[in-house]
Each structure stands twice: as C-alpha cells, then as structure tokens.
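Undergrad: Take a look at this one; I'll ask things after.
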There are 2 protein chains.
Amino acid sequence: MNEFELIAQLSRSLPGNASVIVGAGDDCAVLDSGQPGRYLLLKTDAVVQGVHFSATTEPERIGHKALGRCLSDIAAMAGRPIAALVTMALPTHFEAPFLQRIYDGMSLLAKRHGVAIVGGETTTNPERLLISVCVLGDVAADKCILRSGAEAGDALFVTGDLGGSLAGKHLEFEPRLAEARWLADHFAIHAMIDLSDGLAGDLRHLLRLSNGGAEILAGAIPISRAAKMQARTESSARTPLLAALSDGEDFELLFTVAGRVAVPLLDAWKKQFSKTRLSCIGKITSAPGLKLRDKTGLRPLEAHGYVHFS
Amino acid sequence: MNEFELIAQLSRSLPGNASVIVGAGDDCAVLDSGQPGRYLLLKTDAVVQGVHFSATTEPERIGHKALGRCLSDIAAMAGRPIAALVTMALPTHFEAPFLQRIYDGMSLLAKRHGVAIVGGETTTNPERLLISVCVLGDVAADKCILRSGAEAGDALFVTGDLGGSLAGKHLEFEPRLAEARWLADHFAIHAMIDLSDGLAGDLRHLLRLSNGGAEILAGAIPISRAAKMQARTESSARTPLLAALSDGEDFELLFTVAGRVAVPLLDAWKKQFSKTRLSCIGKITSAPGLKLRDKTGLRPLEAHGYVHFS
C-alpha cells in the first residue's frame with residue numbers, strides 16, 4: 001500500500017461536521033467558520049532530515065522549505081496565508097544557534113508573504129530533526145479553487161519550469177501565492193493543484209477528483225535547466241522530459257481554464273508576471289487516462305510521479 | 001537552555017501581522033480573521049514514541065492522546081474545536097492496521113467533541129512514530145480566556161485530581177472542553193491554563209504572564225489516587241504532594257476568578273459537574289513568587305514542574 005492508497009483508506013471514515021467544505025484529499029482543508037463569504041484554509045506538512053533535507057543542508061533553507069511547502073498548498077487554493085505554527089522535533093544534540101537559523105529562514109519567507117508565526121512547540125526526536133508546520137489561511141468563498149473542477153475541453157497550464165528540483169529549487173522555491181490569487185481574481189480557474197509529487201502524479205490526482213482524463217504535449221512541457229543538466233551529466237538513462245514529468249517538489253501551479261480563455265490568459269500573464277514562464281501543456285478530455293502526444297503519436301503515459309512510500 | 005527559555009528566545013523575533021491577537025506563549029494562538037465578535041484559535045502539538053508513549057502503548061490510546069493534548073489547549077482558552085489535521089511520521093516497518101487503530105482512537109475522541117478530522121499527511125521518520133496534530137478552534141471574542149488575566153486577590157482553582165498521570169491518565173484523559181466553556185459562560189474567569197507541565201510549572205507560566213505571585217495551600221491540592229499509590233509502592237522518596245505539584249500531563253484546568261466569586265462558583269460547579277472535583281487551592285498575590293502554606297507555615301516552593309529538556 002503506498003502513501004496515497006493508505007491516506008485514501010484512512011480518510012473514508014474520518015469524522016466530519018457542519019463546518020467542513022472540503023476535508024482530506026485537496027491541497028488544503030476548506031472550512032466554513034460562519035464568516036459570510038469567506039472560507040478558512042488549513043494545511044499541515046512536515047519535513048524530515050534524510051528525507052526532505054540532509055544533515056548538511058543550510059538551516060535557513062530547511063526553515064524556508066518547511067514553511068514554503070504549506071504556503072504552496074495555500075496558493076493552490078488561491079488563498080491568503082494568515083498564520084503558521086511550528087512544531088520542532090529536535091535530535092538529541094541540537095544547538096540553539098542552528099535552531100535560530102531555521103527560524104530565520106522561515107521568518108524571512110513568512111514576512112515576504114505577510115504570514116505571522118504565532119507559536120512554536122519543541123519536542124524530542126532523538127535520531128533526526130523533524131519540523132511540522134501548520135498554516136491557517138483564508139479565501140473568498142467564490143474564489144476558492146479545488147482540484148475537482150476541471151472540465152473536458154479545458155486548457156491545462158503549468159507555471160515555471162519542471163524537473164530537477166533536488167539540484168536546489170526544492171530548498172529555495174517561492175510559493176506561487178501572488179500568481180494564484182491573481183489568476184483567481186482575473187479568470188475563471190476551474191481546478192488547481194500545486195506540484196509536489198511530480199507533474200504526472202499530481203495531474204493524476206487532479207483528474208481523479210475531476211473525473212476526467214488529459215492529453216499533454218511532450219513538446220510543450222517546460223523543462224528546467226536543472227533537469228537538462230542532470231540528463232547531460234549523469235549516467236542515468238532518464239531523459240529531461242521524464243524528469244519534468246516525474247520529479248517531485250517543483251512547487252509550481254498546475255491549473256485548468258476553459259479552452260477559449262487560454263490565449264487571453266497567456267497574454268495577461270505575460271504582462272503581469274513577465275519573469276515567470278506560463279505554459280499551456282495540453283487539455284482535459286472526457287475520456288479517462290493520461291496520454292502524452294509526441295512526434296511518434298499519442299500514447300498512454302506510463303511514467304508516474306514521485307511516491308513517498310512504495 | 002531548557003525548552004521554555006529556548007522558545008522564549010525564538011519567539012521574540014517572530015513575524016506578526018494584523019490578525020494576531022495572541023501569538024506564541026499562551027495555550028493557543030488567538031487570531032482575528034475578520035469575523036465580528038469571534039476569534040480563531042490555533043494549536044499544534046506532537047507526540048513521539050519513547051517520549052509520550054511507548055512501543056507497547058495501544059494504538060487507540062496513542063491516537064487519543066495525540067488529539068487530546070491539542071483539545072486540552074483549546075479548552076484552556078474556553079474555545080470550541082472545529083477541525084484537526086494529522087501528520088503521521090511513520091517508522092520504517094509501519095503496518096496499516098496499526099495506523100488505522102491510531103485513527104480510530106483519534107476519531108472516537110473527535111466525534112465526542114464535534115471535531116472534524118479534515119486531512120492527514122504521512123511522511124517517514126525511520127526510527128520511531130511521531131504524530132503531529134493541528135487543531136483549529138474558535139471562541140467568542142469576549143469569552144476567550146488568556147493566561148495573562150490573573151489579579152491579586154483572585155481565588156485559584158483546579159479541576160480533577162493531580163499527579164501520577166503516567167500510570168494511565170496521560171493516555172485516556174478527557175479534555176475539559178465542556179467544563180471550560182461552562183465556566184466562561186457563567187463566570188468572569190480571569191486567567192486559565194491547562195496542566196501539561198505540572199501544577200507548579202504551569203502556575204508559574206500563568207503568574208509570569210499575569211505579573212503576579214501565588215500562595216497555595218498544601219492541604220487543598222487534590223492528589224490523585226495514582227500519585228498516592230505510587231508513593232506507597234515505589235521506593236522513591238517523592239511524596240504524593242510533590243507528585244501532584246510536579247508531575248506533568250494532568251490535562252486539568254487551572255484558573256482564577258475574583259475571590260468573591262469563589263463560593264458561588266464552587267456551588268454551581270457541584271450542580272453542573274457532580275462527578276468532577278473542583279478545588280480552590282489558593283490565591284493570587286501581588287507579591288511575586290510561588291509560596292506553599294502547610295502546617296509548618298508559608299515557604300517558597302522549590303519544586304518545579306516537568307521540563308521537557310534540561
């Protein structure tokens with residue numbers, strides 16, 4: 001049983017209540033606390049030494065990543081992050097200055113996005129550092145974007161460049177909060193997800209909740225310089241395209257809009273975010289399944305995204 | 001540097017924003033998201049194998065404790081818990097049925113208190129199980145009870161019985177949510193905290209934020225049967241009173257009200273919660289420091305609460 005199957009099984013019997021708009025399964029939980037016209041967003045996530053960062057990772061970058069992952073999920077709902085709480089599980093020989101530098105990295109990112117850090121617990125985890133972050137956000141109820149709204153005929157967009165994140169981007173990515181809110185404010189975005197498990201894997205999550213399929217164009221997928229470099233220098237047989245399809249932790253936005261909106265959206269994006277690439281990589285289909293079109297034709301995509309457990 | 005000193009140091013430079021009513025330092029963070037007359041409460045906490053439970057603890061009780069600790073903090077603000085998120089950091093050889101039983105224990109507690117569980121992440125922590133829980137709650141803005149409101153002359157109350165929690169209560173306590181909301185609805189509670197670090201330690205937290213001192217009466221402290229049993233059967237030199245003063249994880253409420261309210265409050269409590277002891281254990285003083293009065297007279301209390309690190 002992998003991570004997704006396990007969560008899916010456990011999620012089936014979780015207790016709910018009248019406040020729950022969206023429970024487990026989307027980028028964030030969506031809650032109605034009674035404030036007219038607004039929903040609350042709640043997200044928690046953890047980074048673990050040896051899994052998400054190494055023993056030699058700079059502490060500021062660890063802090064950045066720990067908070068950034070949750071902010072990227074708030075972005076995926078087109079939300080506004082309000083406040084974060086941090087639980088630090090510290091190994092036996094932690095040093096206070098190291099911890100201070102982790103908080104420095106988190107605080108810098110928090111300040112850039114107007115997020116308050118409203119508390120921190122510490123506990124012990126003798127063998128390795130683990131940081132769990134919880135972020136509360138909110139969003140206008142009519143601007144909250146789920147994974148489940150994609151429709152056949154929608155154009156499929158992705159921000160930035162994909163693949164090769166482990167070369168560095170996974171520790172220094174900027175959550176696409178401003179971009180996501182701009183998108184939701186100016187266009188009828190049907191569905192959105194942030195890319196943490198790899199394009200192919202995350203697109204499959206979106207398709208499963210939207211009950212659709214997709215056709216993506218190999219030549220349109222924005223491949224990062226890091227993915228190209230890796231393919232050139234490593235003995236690995238992975239092509240840059242495969243890296244862009246399956247590498248995790250891109251922390252970019254994948255979203256869909258009605259096909260007729262695609263061109264005006266691209267034009268407006270270029271004016272608003274001239275430094276960040278936006279790529280139309282394919283379309284949503286009513287037929288289920290994920291297919292890749294390249295010069296040899298259309299074929300089912302076997303490559304899957306990064307899966308934490310196997 | 002111990003846990004409290006470390007958090008205090010780190011907390012000084014955390015970023016804030018206009019939504020923050022109370023940041024780090026109280027039982028929960030208190031936030032104003034713009035809903036008139038209500039505040040949001042946010043709390044996160046973790047339990048770690050080998051620290052908060054053992055390798056042989058029943059999984060349902062692990063789940064109960066993981067969620068219960070956060071709910072006890074929501075209770076300490078007289079809040080209503082709305083939703084919880086769970087991050088499971090699983091050791092290498094986890095088994096899905098074990099995990100299901102953890103969720104069962106959590107879900108049972110959640111249902112009793114009307115809390116939705118709105119998502120769960122899993123990650124890896126190879127050497128031991130760690131569960132981080134985040135709870136969102138809310139409270140009427142004029143009923144939210146902080147640690148900082150105690151005034152000289154206040155009567156000091158504690159619910160339940162104290163000490164010896166490790167004999168079992170730490171895995172099966174019921175968070176005092178109903179009691180706390182009843183207190184806030186019917187009396188002007190000045191300050192409140194939940195007992196997780198031990199009566200003496202938590203009272204010191206409350207006094208530090210209230211800028212006061214306290215005199216407690218040795219004979220009035222409600223000592224649990226477990227603490228008395230331990231003193232009788234163990235070779236330890238710890239008296240039951242010392243256990244009640246310093247043992248952690250009681251998860252009871254400690255609160256203060258104006259002295260003139262003490263008797264009517266006790267009377268009303270007995271009618272409302274006849275099965276749960278409520279004890280007036282002393283008073284708040286303008287002179288700083290914590291003093292214990294017993295038959296030998298009044299003396300400074302040296303015993304301190306449980307401190308996670310030392």
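Labeling convention for the structure tokens: chains A, B, ... as they appear, residues from 1 per chain, ligands from 1 in order of appearance.
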Once chain B is fitted to chain A on all Cα atoms paired one-to-one in order, how large is the remaining RMSD?

TA: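 C-alpha RMSD after least-squares superposition: 0.0 Å.
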
Undergrad: Select, as a list in words, those residues of chain B with any atom no more than 6 Å from chain A (distances computed using only C-alpha atoms).

TA: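 Every residue meeting the condition is included here: Leu14, Pro15, Gly16, Asn17, Gly23, Ala24, Ala29, Gln35, Ala116, Ile117, Val118 and Gly119 of chain B.
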
Undergrad: Could you write out the selected residues, including N, CA and C atoms, as a PDB file, in the first residue's frame?

TA:
```pdb
ATOM      1  N   LEU B  14       9.650  36.648  16.061  1.00  0.00           N
ATOM      2  CA  LEU B  14       8.773  36.041  15.056  1.00  0.00           C
ATOM      3  C   LEU B  14       7.947  37.099  14.330  1.00  0.00           C
ATOM      4  N   PRO B  15       7.737  36.912  13.036  1.00  0.00           N
ATOM      5  CA  PRO B  15       6.923  37.886  12.296  1.00  0.00           C
ATOM      6  C   PRO B  15       5.456  37.827  12.703  1.00  0.00           C
ATOM      7  N   GLY B  16       4.815  38.970  12.776  1.00  0.00           N
ATOM      8  CA  GLY B  16       3.393  39.056  13.108  1.00  0.00           C
ATOM      9  C   GLY B  16       2.626  39.696  11.973  1.00  0.00           C
ATOM     10  N   ASN B  17       1.343  39.889  12.182  1.00  0.00           N
ATOM     11  CA  ASN B  17       0.534  40.695  11.264  1.00  0.00           C
ATOM     12  C   ASN B  17      -0.723  41.154  11.997  1.00  0.00           C
ATOM     13  N   GLY B  23       0.060  35.770  20.095  1.00  0.00           N
ATOM     14  CA  GLY B  23       0.962  34.889  19.353  1.00  0.00           C
ATOM     15  C   GLY B  23       1.495  33.789  20.250  1.00  0.00           C
ATOM     16  N   ALA B  24       2.791  33.519  20.152  1.00  0.00           N
ATOM     17  CA  ALA B  24       3.398  32.466  20.959  1.00  0.00           C
ATOM     18  C   ALA B  24       3.269  32.784  22.439  1.00  0.00           C
ATOM     19  N   ALA B  29      -2.645  30.022  19.912  1.00  0.00           N
ATOM     20  CA  ALA B  29      -2.585  31.328  19.266  1.00  0.00           C
ATOM     21  C   ALA B  29      -4.016  31.814  19.073  1.00  0.00           C
ATOM     22  N   GLN B  35     -13.993  38.053  11.359  1.00  0.00           N
ATOM     23  CA  GLN B  35     -15.370  37.691  11.706  1.00  0.00           C
ATOM     24  C   GLN B  35     -15.763  38.451  12.979  1.00  0.00           C
ATOM     25  N   ALA B 116     -14.056  17.819  13.434  1.00  0.00           N
ATOM     26  CA  ALA B 116     -13.828  17.127  12.165  1.00  0.00           C
ATOM     27  C   ALA B 116     -12.331  16.858  12.002  1.00  0.00           C
ATOM     28  N   ILE B 117     -11.999  15.694  11.477  1.00  0.00           N
ATOM     29  CA  ILE B 117     -10.597  15.450  11.077  1.00  0.00           C
ATOM     30  C   ILE B 117     -10.553  15.623   9.567  1.00  0.00           C
ATOM     31  N   VAL B 118      -9.874  16.675   9.121  1.00  0.00           N
ATOM     32  CA  VAL B 118     -10.017  17.119   7.736  1.00  0.00           C
ATOM     33  C   VAL B 118      -8.803  16.837   6.871  1.00  0.00           C
ATOM     34  N   GLY B 119      -7.965  15.934   7.311  1.00  0.00           N
ATOM     35  CA  GLY B 119      -6.854  15.567   6.449  1.00  0.00           C
ATOM     36  C   GLY B 119      -5.741  14.933   7.221  1.00  0.00           C
TER      37      GLY B 119
END
```

Undergrad: Do a neighbour search on A:Met192 at 7 Å with only C-alpha atoms, toss out local chain neighbours closer than 2 positions, and write the hits as a short mmCIF file (atom, residue, chain, number, x, y, z; two decimals) with C-alpha atoms, in the first residue's frame.

TA:
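Final output, saved to around21.cif:
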```cif
data_model
loop_
_atom_site.label_atom_id
_atom_site.label_comp_id
_atom_site.auth_asym_id
_atom_site.auth_seq_id
_atom_site.Cartn_x
_atom_site.Cartn_y
_atom_site.Cartn_z
CA ALA A 76 -3.08 26.01 -4.81
CA MET A 77 -6.49 27.10 -3.38
CA ILE A 145 -10.11 26.73 -6.36
CA LEU A 146 -10.32 22.98 -5.83
CA ARG A 147 -8.72 20.04 -7.60
CA ASP A 194 0.49 22.52 -6.58
CA LEU A 253 0.91 25.52 -10.05
CA LEU A 254 -0.98 23.25 -12.41
CA PHE A 255 -4.42 24.60 -13.36
CA THR A 256 -7.17 24.41 -15.93
#
```

Undergrad: Between B:Asp73, B:Gly259, B:Ile284, B:Ile223, which is the closest to B:Gly149 once you count only C-alpha atoms?

TA: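 Nearest to B:Gly149: B:Ile284.
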
Undergrad: Could you tell me which of A:Ala262, A:Leu41, A:Ala244, A:Leu90 comes closest to A:Ala140 if we count only C-alpha atoms?

TA: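 Smallest separation from A:Ala140 among the options: A:Leu41.
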
Undergrad: Just the residues within 12 Å of B:Ala184, please, counting only C-alpha atoms, with nothing from its chain fewer than 4 positions along; format it as a CSV table (one decimal) with C-alpha atoms, in the first residue's frame.

TA:
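Contents of result.csv, as written:
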```
chain,number,residue,atom,x,y,z
B,75,ALA,CA,-10.2,24.1,26.4
B,76,ALA,CA,-7.8,26.3,28.2
B,77,MET,CA,-9.0,29.3,26.1
B,78,ALA,CA,-12.7,28.3,26.7
B,79,GLY,CA,-12.8,27.6,22.9
B,80,ARG,CA,-14.7,25.3,20.6
B,139,VAL,CA,-14.3,31.4,20.7
B,140,ALA,CA,-16.5,34.4,21.3
B,141,ALA,CA,-14.0,37.3,21.5
B,142,ASP,CA,-15.4,38.4,24.9
B,143,LYS,CA,-15.2,34.8,26.3
B,144,CYS,CA,-11.6,34.0,25.3
B,145,ILE,CA,-9.6,33.3,28.4
B,146,LEU,CA,-5.8,34.0,28.4
B,177,LEU,CA,-13.8,21.4,26.8
B,178,ALA,CA,-17.4,21.4,28.2
B,179,GLU,CA,-16.2,22.5,31.6
B,180,ALA,CA,-14.2,25.3,30.3
B,188,ALA,CA,-15.8,36.1,34.8
B,189,ILE,CA,-12.8,33.8,34.6
B,190,HIS,CA,-9.7,36.0,34.8
B,191,ALA,CA,-7.0,33.5,33.6
B,192,MET,CA,-6.8,29.9,32.6
B,255,PHE,CA,-8.0,29.1,36.5
B,256,THR,CA,-8.6,32.2,38.6
B,257,VAL,CA,-11.6,34.3,39.5
B,265,LEU,CA,-18.7,29.2,41.5
```

Undergrad: So how many Å separate atom CA of B:Gly164 and atom CA of B:Asp202, to one decimal?

TA: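 Calculated distance between atom CA of B:Gly164 and atom CA of B:Asp202 is 16.1 Å.
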